file my_file-v2.txt (compact mmCIF, C-alpha atoms)
# COMPACT_ATOMS: atom_id res chain seq x y z
CA MET A 1 51.63 40.22 160.27
CA SER A 2 48.25 40.63 158.56
CA GLU A 3 46.77 44.01 157.79
CA ILE A 4 44.78 45.54 160.61
CA ARG A 5 42.01 48.08 161.07
CA ILE A 6 42.49 50.69 163.76
CA LEU A 7 40.46 53.36 165.53
CA ILE A 8 42.30 56.42 166.84
CA VAL A 9 40.30 58.58 169.28
CA ASP A 10 41.83 61.97 170.03
CA ASP A 11 40.43 65.50 169.94
CA SER A 12 43.62 66.65 168.19
CA SER A 13 43.70 65.86 164.46
CA VAL A 14 47.46 66.44 164.49
CA MET A 15 47.93 63.87 167.24
CA ARG A 16 45.77 61.35 165.35
CA LYS A 17 48.12 61.72 162.37
CA ILE A 18 51.20 61.37 164.59
CA VAL A 19 49.81 58.22 166.19
CA GLU A 20 49.05 56.72 162.77
CA ARG A 21 52.55 57.59 161.54
CA SER A 22 54.11 56.03 164.64
CA LEU A 23 52.12 52.82 164.13
CA ARG A 24 53.33 52.59 160.54
CA GLN A 25 56.91 53.26 161.69
CA ALA A 26 56.44 50.47 164.23
CA GLY A 27 55.85 48.09 161.34
CA LEU A 28 52.09 47.69 161.51
CA GLU A 29 50.45 47.08 158.16
CA ILE A 30 47.37 49.24 158.43
CA MET A 31 44.49 48.50 156.10
CA LYS A 32 42.04 51.08 157.42
CA VAL A 33 42.28 53.98 159.88
CA HIS A 34 39.11 55.26 161.52
CA GLU A 35 39.42 58.58 163.35
CA ALA A 36 37.23 60.05 166.08
CA GLY A 37 37.49 63.38 167.88
CA SER A 38 35.82 62.27 171.11
CA GLY A 39 34.63 59.20 172.95
CA THR A 40 31.12 59.78 171.63
CA GLU A 41 32.37 59.75 168.04
CA GLY A 42 34.48 56.67 168.81
CA LEU A 43 31.40 54.76 169.98
CA ASP A 44 29.55 55.80 166.83
CA VAL A 45 32.38 54.43 164.67
CA LEU A 46 32.37 51.11 166.53
CA LYS A 47 28.62 50.69 166.05
CA VAL A 48 29.14 50.42 162.28
CA SER A 49 32.77 49.33 161.83
CA GLN A 50 34.95 46.43 162.90
CA VAL A 51 38.45 47.25 164.16
CA ASP A 52 41.41 45.23 165.42
CA LEU A 53 43.01 47.87 167.66
CA ILE A 54 41.81 51.01 169.48
CA LEU A 55 44.08 53.84 170.62
CA SER A 56 42.48 56.56 172.71
CA ASP A 57 43.42 59.80 174.38
CA ILE A 58 42.00 60.40 177.89
CA ASN A 59 41.56 64.16 178.17
CA MET A 60 38.90 65.02 175.57
CA PRO A 61 35.77 67.18 175.48
CA SER A 62 32.30 65.68 175.14
CA MET A 63 33.27 62.21 176.42
CA ASP A 64 36.72 61.51 177.83
CA GLY A 65 38.76 58.39 177.17
CA LEU A 66 37.94 56.65 180.45
CA GLU A 67 34.20 57.08 179.97
CA PHE A 68 34.65 55.92 176.36
CA LEU A 69 36.25 52.72 177.68
CA ARG A 70 33.46 52.17 180.22
CA GLN A 71 30.78 52.71 177.58
CA LEU A 72 32.61 50.38 175.22
CA ARG A 73 32.37 47.58 177.76
CA ALA A 74 28.83 48.48 178.88
CA GLN A 75 27.55 48.44 175.31
CA ASN A 76 29.58 45.33 174.49
CA LEU A 77 31.24 47.03 171.54
CA ALA A 78 34.60 45.84 170.15
CA ALA A 79 34.68 42.84 172.49
CA GLY A 80 38.16 41.35 172.65
CA VAL A 81 39.74 44.28 170.79
CA PRO A 82 42.83 45.64 172.61
CA VAL A 83 42.65 49.26 173.75
CA VAL A 84 45.75 51.37 174.37
CA MET A 85 45.47 54.76 176.05
CA ILE A 86 47.79 57.49 174.72
CA THR A 87 47.72 60.49 177.00
CA THR A 88 49.57 63.28 178.77
CA GLU A 89 48.25 62.02 182.11
CA SER A 90 50.99 59.84 183.53
CA SER A 91 50.39 59.25 187.22
CA GLU A 92 49.99 55.75 188.62
CA GLU A 93 46.42 56.66 189.52
CA HIS A 94 45.57 57.47 185.90
CA VAL A 95 47.17 54.22 184.69
CA LYS A 96 45.23 52.30 187.34
CA GLN A 97 41.95 53.95 186.30
CA ALA A 98 42.61 53.12 182.66
CA ILE A 99 43.41 49.48 183.40
CA LEU A 100 40.32 49.17 185.65
CA ALA A 101 38.21 50.65 182.85
CA GLY A 102 39.51 47.95 180.50
CA ALA A 103 42.65 49.30 178.78
CA GLN A 104 45.38 46.80 177.95
CA GLY A 105 48.15 49.33 177.40
CA TYR A 106 49.21 52.86 178.27
CA ILE A 107 51.53 55.24 176.41
CA ARG A 108 52.46 58.65 177.75
CA LYS A 109 52.71 61.67 175.45
CA PRO A 110 55.26 62.63 174.25
CA PHE A 111 56.23 59.25 172.88
CA THR A 112 58.61 57.67 170.40
CA ALA A 113 57.77 55.23 167.62
CA GLU A 114 59.86 52.69 169.53
CA GLN A 115 57.63 53.04 172.60
CA VAL A 116 54.55 52.57 170.42
CA LYS A 117 56.11 49.45 168.95
CA GLU A 118 56.95 48.00 172.39
CA ARG A 119 53.47 48.58 173.82
CA VAL A 120 51.25 47.93 170.80
CA LEU A 121 52.82 45.11 168.80
CA PRO A 122 52.51 42.43 171.52
CA LEU A 123 48.81 43.23 171.88
CA VAL A 124 48.17 43.07 168.15
CA CYS A 125 50.13 39.84 167.77
CA ALA A 126 48.26 38.25 170.70
CA ALA A 127 44.79 39.28 169.48
CA MET B 1 46.21 61.47 204.79
CA ALA B 2 45.46 64.64 202.85
CA VAL B 3 48.06 65.48 200.22
CA SER B 4 49.41 69.03 200.19
CA LEU B 5 51.78 70.77 197.82
CA ARG B 6 52.23 73.72 200.12
CA GLU B 7 55.43 72.31 201.62
CA SER B 8 56.91 71.34 198.26
CA VAL B 9 56.36 74.68 196.53
CA GLN B 10 60.09 74.96 195.77
CA LEU B 11 60.01 71.62 193.97
CA VAL B 12 56.84 72.55 192.08
CA SER B 13 58.25 75.92 191.01
CA ASP B 14 61.71 74.60 190.08
CA PRO B 15 62.47 76.25 186.71
CA ARG B 16 64.50 73.21 185.59
CA ASN B 17 61.29 71.18 185.36
CA LEU B 18 60.00 73.50 182.64
CA ASP B 19 63.28 73.36 180.68
CA ALA B 20 63.35 69.56 180.91
CA SER B 21 59.74 69.31 179.73
CA ILE B 22 60.43 71.53 176.71
CA GLU B 23 63.52 69.52 175.81
CA GLU B 24 61.63 66.22 176.06
CA ILE B 25 58.67 67.31 173.94
CA PHE B 26 60.60 69.06 171.21
CA GLN B 27 63.12 66.24 170.87
CA LEU B 28 60.55 63.43 170.87
CA MET B 29 57.71 65.01 168.91
CA LEU B 30 59.53 67.42 166.60
CA GLY B 31 63.03 65.98 166.47
CA VAL B 32 64.65 69.33 167.25
CA ASN B 33 66.72 70.73 170.10
CA CYS B 34 65.61 73.92 171.82
CA GLU B 35 67.76 76.33 173.74
CA ARG B 36 66.60 78.75 176.35
CA THR B 37 67.16 82.36 175.39
CA SER B 38 67.03 85.69 177.13
CA GLU B 39 66.37 87.54 173.89
CA PRO B 40 62.83 88.86 173.49
CA LEU B 41 60.68 87.17 170.85
CA ALA B 42 60.62 88.96 167.51
CA LYS B 43 57.36 90.85 167.11
CA GLU B 44 55.12 89.42 164.42
CA PRO B 45 51.82 90.84 163.20
CA GLU B 46 49.96 87.65 164.07
CA SER B 47 50.56 85.47 167.10
CA VAL B 48 49.25 82.19 168.48
CA THR B 49 48.66 81.47 172.16
CA ALA B 50 47.55 78.15 173.63
CA VAL B 51 46.31 77.78 177.20
CA VAL B 52 45.83 74.61 179.23
CA GLY B 53 44.35 75.05 182.68
CA PHE B 54 45.41 73.23 185.85
CA GLY B 55 42.86 72.24 188.48
CA GLY B 56 43.04 70.35 191.75
CA LEU B 57 45.86 70.80 194.24
CA LEU B 58 47.33 73.43 191.94
CA SER B 59 45.20 75.87 190.00
CA GLY B 60 46.64 77.95 187.22
CA ALA B 61 47.60 77.52 183.61
CA CYS B 62 50.30 76.62 181.12
CA VAL B 63 50.51 79.26 178.38
CA PHE B 64 52.44 78.70 175.13
CA SER B 65 52.94 81.76 172.89
CA CYS B 66 54.68 82.29 169.57
CA GLY B 67 54.46 84.23 166.34
CA SER B 68 52.70 82.82 163.30
CA SER B 69 55.95 81.80 161.58
CA ALA B 70 57.10 79.77 164.60
CA ALA B 71 53.63 78.21 164.92
CA MET B 72 53.73 77.09 161.28
CA LYS B 73 57.25 75.74 161.71
CA ILE B 74 56.27 73.75 164.82
CA ALA B 75 53.21 72.31 163.08
CA ALA B 76 55.34 71.44 160.04
CA HIS B 77 57.76 69.46 162.21
CA MET B 78 54.85 67.68 163.91
CA THR B 79 52.97 66.71 160.77
CA GLY B 80 55.52 66.66 157.95
CA MET B 81 53.31 69.15 156.07
CA ASP B 82 54.05 72.69 154.92
CA PHE B 83 51.89 75.60 155.99
CA ASP B 84 51.56 79.13 154.61
CA GLU B 85 48.90 80.30 157.05
CA VAL B 86 47.81 79.62 160.62
CA ASP B 87 45.00 77.23 159.76
CA ASP B 88 43.10 74.81 162.00
CA THR B 89 45.86 72.19 161.79
CA VAL B 90 48.48 74.68 162.99
CA LYS B 91 46.22 75.79 165.86
CA ASP B 92 45.54 72.17 166.74
CA GLY B 93 49.26 71.40 166.76
CA ILE B 94 50.10 74.34 169.05
CA GLY B 95 47.26 73.34 171.37
CA GLU B 96 48.63 69.81 171.54
CA ILE B 97 52.18 71.05 172.25
CA CYS B 98 50.77 73.07 175.15
CA ASN B 99 48.78 70.06 176.37
CA MET B 100 51.85 67.78 176.33
CA LEU B 101 53.93 70.48 177.99
CA ALA B 102 51.39 70.93 180.80
CA GLY B 103 51.28 67.16 181.30
CA ALA B 104 55.05 66.73 181.22
CA TRP B 105 55.59 69.65 183.59
CA LYS B 106 53.15 68.41 186.23
CA GLY B 107 54.49 64.88 185.77
CA LYS B 108 57.86 66.01 187.17
CA VAL B 109 56.34 66.20 190.67
CA PRO B 110 54.55 62.95 191.63
CA ASP B 111 52.00 64.54 193.99
CA LEU B 112 51.19 67.09 191.31
CA ALA B 113 50.85 64.43 188.61
CA ALA B 114 48.36 62.50 190.70
CA ASN B 115 46.33 65.39 192.09
CA CYS B 116 46.16 68.00 189.36
CA GLY B 117 43.93 67.75 186.30
CA LEU B 118 44.31 69.39 182.90
CA SER B 119 41.73 71.23 180.84
CA VAL B 120 41.51 70.72 177.10
CA PRO B 121 43.62 73.32 175.26
CA ALA B 122 42.20 76.68 174.17
CA VAL B 123 43.98 78.42 171.30
CA ILE B 124 43.86 82.16 170.62
CA THR B 125 45.12 83.72 167.41
CA GLY B 126 45.14 87.28 166.21
CA ARG B 127 46.84 90.65 166.32
CA ASP B 128 47.38 93.17 169.06
CA TYR B 129 46.10 91.21 172.00
CA ASN B 130 47.45 90.85 175.51
CA LEU B 131 46.87 87.98 177.85
CA ARG B 132 46.89 88.94 181.50
CA VAL B 133 46.86 86.26 184.13
CA GLN B 134 47.12 86.51 187.89
CA ALA B 135 49.71 84.37 189.60
CA PRO B 136 49.69 85.09 193.32
CA GLU B 137 51.69 81.95 194.14
CA PHE B 138 54.40 81.86 191.47
CA GLN B 139 55.03 82.33 187.79
CA LEU B 140 57.68 80.87 185.50
CA LYS B 141 58.23 82.56 182.16
CA HIS B 142 60.89 81.19 179.82
CA ALA B 143 61.70 81.94 176.21
CA TYR B 144 63.21 79.32 173.90
CA ARG B 145 64.59 79.15 170.40
CA PHE B 146 64.96 76.38 167.86
CA GLU B 147 66.35 76.93 164.37
CA ASP B 148 65.22 80.52 163.67
CA ALA B 149 61.96 80.27 165.56
CA GLY B 150 61.20 81.49 169.06
CA PHE B 151 58.43 80.87 171.55
CA ALA B 152 57.61 81.59 175.18
CA VAL B 153 56.12 79.38 177.86
CA THR B 154 54.55 80.63 181.06
CA ILE B 155 53.42 78.54 183.99
CA VAL B 156 51.14 80.53 186.26
CA CYS B 157 50.02 79.30 189.62
CA ASP B 158 47.19 81.19 191.26
CA GLY B 159 46.43 78.67 193.95
CA LEU B 160 48.24 75.89 195.76
CA GLN B 161 46.77 73.57 198.38
call {"tool": "encode", "arguments": {"input": "my_file-v2.txt", "output": "structure tokens"}}
result
Amino acid sequence: MSEIRILIVDDSSVMRKIVERSLRQAGLEIMKVHEAGSGTEGLDVLKVSQVDLILSDINMPSMDGLEFLRQLRAQNLAAGVPVVMITTESSEEHVKQAILAGAQGYIRKPFTAEQVKERVLPLVCAA
Amino acid sequence: MAVSLRESVQLVSDPRNLDASIEEIFQLMLGVNCERTSEPLAKEPESVTAVVGFGGLLSGACVFSCGSSAAMKIAAHMTGMDFDEVDDTVKDGIGEICNMLAGAWKGKVPDLAANCGLSVPAVITGRDYNLRVQAPEFQLKHAYRFEDAGFAVTIVCDGLQ
């Protein structure tokens, strides 16, 4: 697998580190990690940087993950880049909203590296 | 049909849901086992409290409290780093534990998972403070221990539709 560039959007810096660590444990060769603390910051990153994978929390201040996804599509940023939501919200309704907003995957916190591998690797390999 | 939790209050307030949520989060995110304890938490000069609010069919809060040494130990397990003070990373880690706990707890009851939102975590640190919350509907307060660290979790419900 070639090296990839990722964007992790989460208002918790600790969770961003845990997500990155889990991706590495899943076997992803990560060339560059961009971090953003909100959807607004995530959009700013994508205006100047190319990424191969986006992982985003939902429940964030300033701009939440669902609005971030909608803005991503509306502004035609990161077209074709898979987006995986990583969040504490786990109801079917939240999953449905995320998929409707354009997410390709959904991981519930707390998670294991194995779950990250199962949900993320197929998307990265298919992209 | 309008959803109501009023008739499933016993399910919502089942104390086993809180224990199961703690077990899940500490095993998956920290790699440690916790046990529930009836012993009071050791008093420490500085303590850390995280609060995540519930809104929707249930209003209230999830409150996670511990001393500074337990907070640093939890953050160390989460990040793989060592801490000698309660810095922003430690506070962030405790806030995230509380956030995951609130999400896992409400996720145990499907109607609650779908109809109850979470606030972003607020974290309070300091000495000699008390947190008083009203819980007219119900309150769960459990203390837990892992290794030599202790913490307390309180679920307060001040409104149920």
call {"tool": "closest_atom_pairs", "arguments": {"input": "my_file-v2.txt", "of": "segment 40-133 of chain B", "to": "segment 77-96 of chain A", "cutoff": "6 Å", "atoms": "only C-alpha atoms", "output": "Markdown table"}}
result
| residue | atom | partner | partner_atom | distance |
| --- | --- | --- | --- | --- |
| B:Met100 | CA | A:Thr88 | CA | 5.6 |
| B:Gly103 | CA | A:Thr88 | CA | 4.9 |
| B:Ala113 | CA | A:Ser91 | CA | 5.4 |
| B:Ala114 | CA | A:Ser91 | CA | 5.2 |
call {"tool": "write_last_selection", "arguments": {"input": "my_file-v2.txt", "atoms": "C-alpha atoms", "output": "short mmCIF file (atom, residue, chain, number, x, y, z; two decimals), in the coordinates of the input"}}
result
data_model
loop_
_atom_site.label_atom_id
_atom_site.label_comp_id
_atom_site.auth_asym_id
_atom_site.auth_seq_id
_atom_site.Cartn_x
_atom_site.Cartn_y
_atom_site.Cartn_z
CA MET B 100 51.85 67.78 176.33
CA GLY B 103 51.28 67.16 181.30
CA ALA B 113 50.85 64.43 188.61
CA ALA B 114 48.36 62.50 190.70
#
call {"tool": "closest_residue", "arguments": {"input": "my_file-v2.txt", "among": "B:Arg145, B:Lys108, B:Arg132, B:Arg127", "to": "chain A", "atoms": "only C-alpha atoms"}}
result
B:Lys108
call {"tool": "closest_atom_pairs", "arguments": {"input": "my_file-v2.txt", "of": "chain A", "to": "chain B", "cutoff": "12 Å", "atoms": "all atoms listed in the file", "output": "JSON lines"}}
result
{"residue": "A:Asp10", "atom": "CA", "partner": "B:Glu96", "partner_atom": "CA", "distance": 10.5}
{"residue": "A:Asp11", "atom": "CA", "partner": "B:Val120", "partner_atom": "CA", "distance": 8.9}
{"residue": "A:Ser12", "atom": "CA", "partner": "B:Asp92", "partner_atom": "CA", "distance": 6.0}
{"residue": "A:Ser13", "atom": "CA", "partner": "B:Asp92", "partner_atom": "CA", "distance": 7.0}
{"residue": "A:Val14", "atom": "CA", "partner": "B:Gly93", "partner_atom": "CA", "distance": 5.7}
{"residue": "A:Met15", "atom": "CA", "partner": "B:Glu96", "partner_atom": "CA", "distance": 7.4}
{"residue": "A:Arg16", "atom": "CA", "partner": "B:Thr79", "partner_atom": "CA", "distance": 10.1}
{"residue": "A:Lys17", "atom": "CA", "partner": "B:Thr79", "partner_atom": "CA", "distance": 7.1}
{"residue": "A:Ile18", "atom": "CA", "partner": "B:Thr79", "partner_atom": "CA", "distance": 6.8}
{"residue": "A:Val19", "atom": "CA", "partner": "B:Thr79", "partner_atom": "CA", "distance": 10.6}
{"residue": "A:Glu20", "atom": "CA", "partner": "B:Thr79", "partner_atom": "CA", "distance": 10.9}
{"residue": "A:Arg21", "atom": "CA", "partner": "B:Thr79", "partner_atom": "CA", "distance": 9.2}
{"residue": "A:Ser22", "atom": "CA", "partner": "B:Met29", "partner_atom": "CA", "distance": 10.6}
{"residue": "A:Gly37", "atom": "CA", "partner": "B:Asp92", "partner_atom": "CA", "distance": 12.0}
{"residue": "A:Ser38", "atom": "CA", "partner": "B:Val120", "partner_atom": "CA", "distance": 11.8}
{"residue": "A:Asp57", "atom": "CA", "partner": "B:Val120", "partner_atom": "CA", "distance": 11.4}
{"residue": "A:Ile58", "atom": "CA", "partner": "B:Val120", "partner_atom": "CA", "distance": 10.4}
{"residue": "A:Asn59", "atom": "CA", "partner": "B:Val120", "partner_atom": "CA", "distance": 6.6}
{"residue": "A:Met60", "atom": "CA", "partner": "B:Val120", "partner_atom": "CA", "distance": 6.5}
{"residue": "A:Pro61", "atom": "CA", "partner": "B:Val120", "partner_atom": "CA", "distance": 6.9}
{"residue": "A:Ser62", "atom": "CA", "partner": "B:Val120", "partner_atom": "CA", "distance": 10.7}
{"residue": "A:Met63", "atom": "CA", "partner": "B:Val120", "partner_atom": "CA", "distance": 11.9}
{"residue": "A:Asp64", "atom": "CA", "partner": "B:Val120", "partner_atom": "CA", "distance": 10.4}
{"residue": "A:Ile86", "atom": "CA", "partner": "B:Met100", "partner_atom": "CA", "distance": 11.2}
{"residue": "A:Thr87", "atom": "CA", "partner": "B:Met100", "partner_atom": "CA", "distance": 8.4}
{"residue": "A:Thr88", "atom": "CA", "partner": "B:Gly103", "partner_atom": "CA", "distance": 4.9}
{"residue": "A:Glu89", "atom": "CA", "partner": "B:Gly103", "partner_atom": "CA", "distance": 6.0}
{"residue": "A:Ser90", "atom": "CA", "partner": "B:Gly107", "partner_atom": "CA", "distance": 6.5}
{"residue": "A:Ser91", "atom": "CA", "partner": "B:Ala114", "partner_atom": "CA", "distance": 5.2}
{"residue": "A:Glu92", "atom": "CA", "partner": "B:Ala114", "partner_atom": "CA", "distance": 7.2}
{"residue": "A:Glu93", "atom": "CA", "partner": "B:Ala114", "partner_atom": "CA", "distance": 6.3}
{"residue": "A:His94", "atom": "CA", "partner": "B:Ala114", "partner_atom": "CA", "distance": 7.5}
{"residue": "A:Val95", "atom": "CA", "partner": "B:Ala114", "partner_atom": "CA", "distance": 10.3}
{"residue": "A:Lys96", "atom": "CA", "partner": "B:Ala114", "partner_atom": "CA", "distance": 11.2}
{"residue": "A:Gln97", "atom": "CA", "partner": "B:Ala114", "partner_atom": "CA", "distance": 11.6}
{"residue": "A:Arg108", "atom": "CA", "partner": "B:Ala104", "partner_atom": "CA", "distance": 9.2}
{"residue": "A:Lys109", "atom": "CA", "partner": "B:Met100", "partner_atom": "CA", "distance": 6.2}
{"residue": "A:Pro110", "atom": "CA", "partner": "B:Ile25", "partner_atom": "CA", "distance": 5.8}
{"residue": "A:Phe111", "atom": "CA", "partner": "B:Leu28", "partner_atom": "CA", "distance": 6.3}
{"residue": "A:Thr112", "atom": "CA", "partner": "B:Leu28", "partner_atom": "CA", "distance": 6.1}
{"residue": "A:Ala113", "atom": "CA", "partner": "B:Leu28", "partner_atom": "CA", "distance": 9.2}
{"residue": "A:Glu114", "atom": "CA", "partner": "B:Leu28", "partner_atom": "CA", "distance": 10.8}
{"residue": "A:Gln115", "atom": "CA", "partner": "B:Leu28", "partner_atom": "CA", "distance": 10.9}
call {"tool": "residues_around", "arguments": {"input": "my_file-v2.txt", "residues": "Tyr144 of chain B", "least_positions_apart": "2", "cutoff": "6 Å", "atoms": "only C-alpha atoms", "output": "number ranges by chain"}}
result
B: 35-37, 150-151
call {"tool": "closest_residue", "arguments": {"input": "my_file-v2.txt", "among": "A:Ile99, A:Ile54, A:Val120, A:Val48", "to": "Gln25 of chain A", "atoms": "only C-alpha atoms"}}
result
A:Val120
call {"tool": "closest_residue", "arguments": {"input": "my_file-v2.txt", "among": "B:Thr125, B:Thr154, B:Ser13, B:Ser38", "to": "Leu58 of chain B", "atoms": "all atoms listed in the file"}}
result
B:Ser13
call {"tool": "residues_around", "arguments": {"input": "my_file-v2.txt", "residues": "Thr49 of chain B", "least_positions_apart": "3", "cutoff": "6 Å", "atoms": "all atoms listed in the file", "output": "PyMOL selection string"}}
result
chain B and resi 64-65+123-124
call {"tool": "write_last_selection", "arguments": {"input": "my_file-v2.txt", "atoms": "C-alpha atoms", "output": "mmCIF file, keeping the file's coordinate frame"}}
result
data_model
loop_
_atom_site.group_PDB
_atom_site.id
_atom_site.type_symbol
_atom_site.label_atom_id
_atom_site.label_comp_id
_atom_site.auth_asym_id
_atom_site.auth_seq_id
_atom_site.Cartn_x
_atom_site.Cartn_y
_atom_site.Cartn_z
ATOM 1 C CA PHE B 64 52.440 78.700 175.130
ATOM 2 C CA SER B 65 52.940 81.760 172.890
ATOM 3 C CA VAL B 123 43.980 78.420 171.300
ATOM 4 C CA ILE B 124 43.860 82.160 170.620
#
call {"tool": "atom_distance", "arguments": {"input": "my_file-v2.txt", "atom1": "atom CA of Val86 of chain B", "atom2": "atom CA of Gln134 of chain B"}}
result
28.1 Å
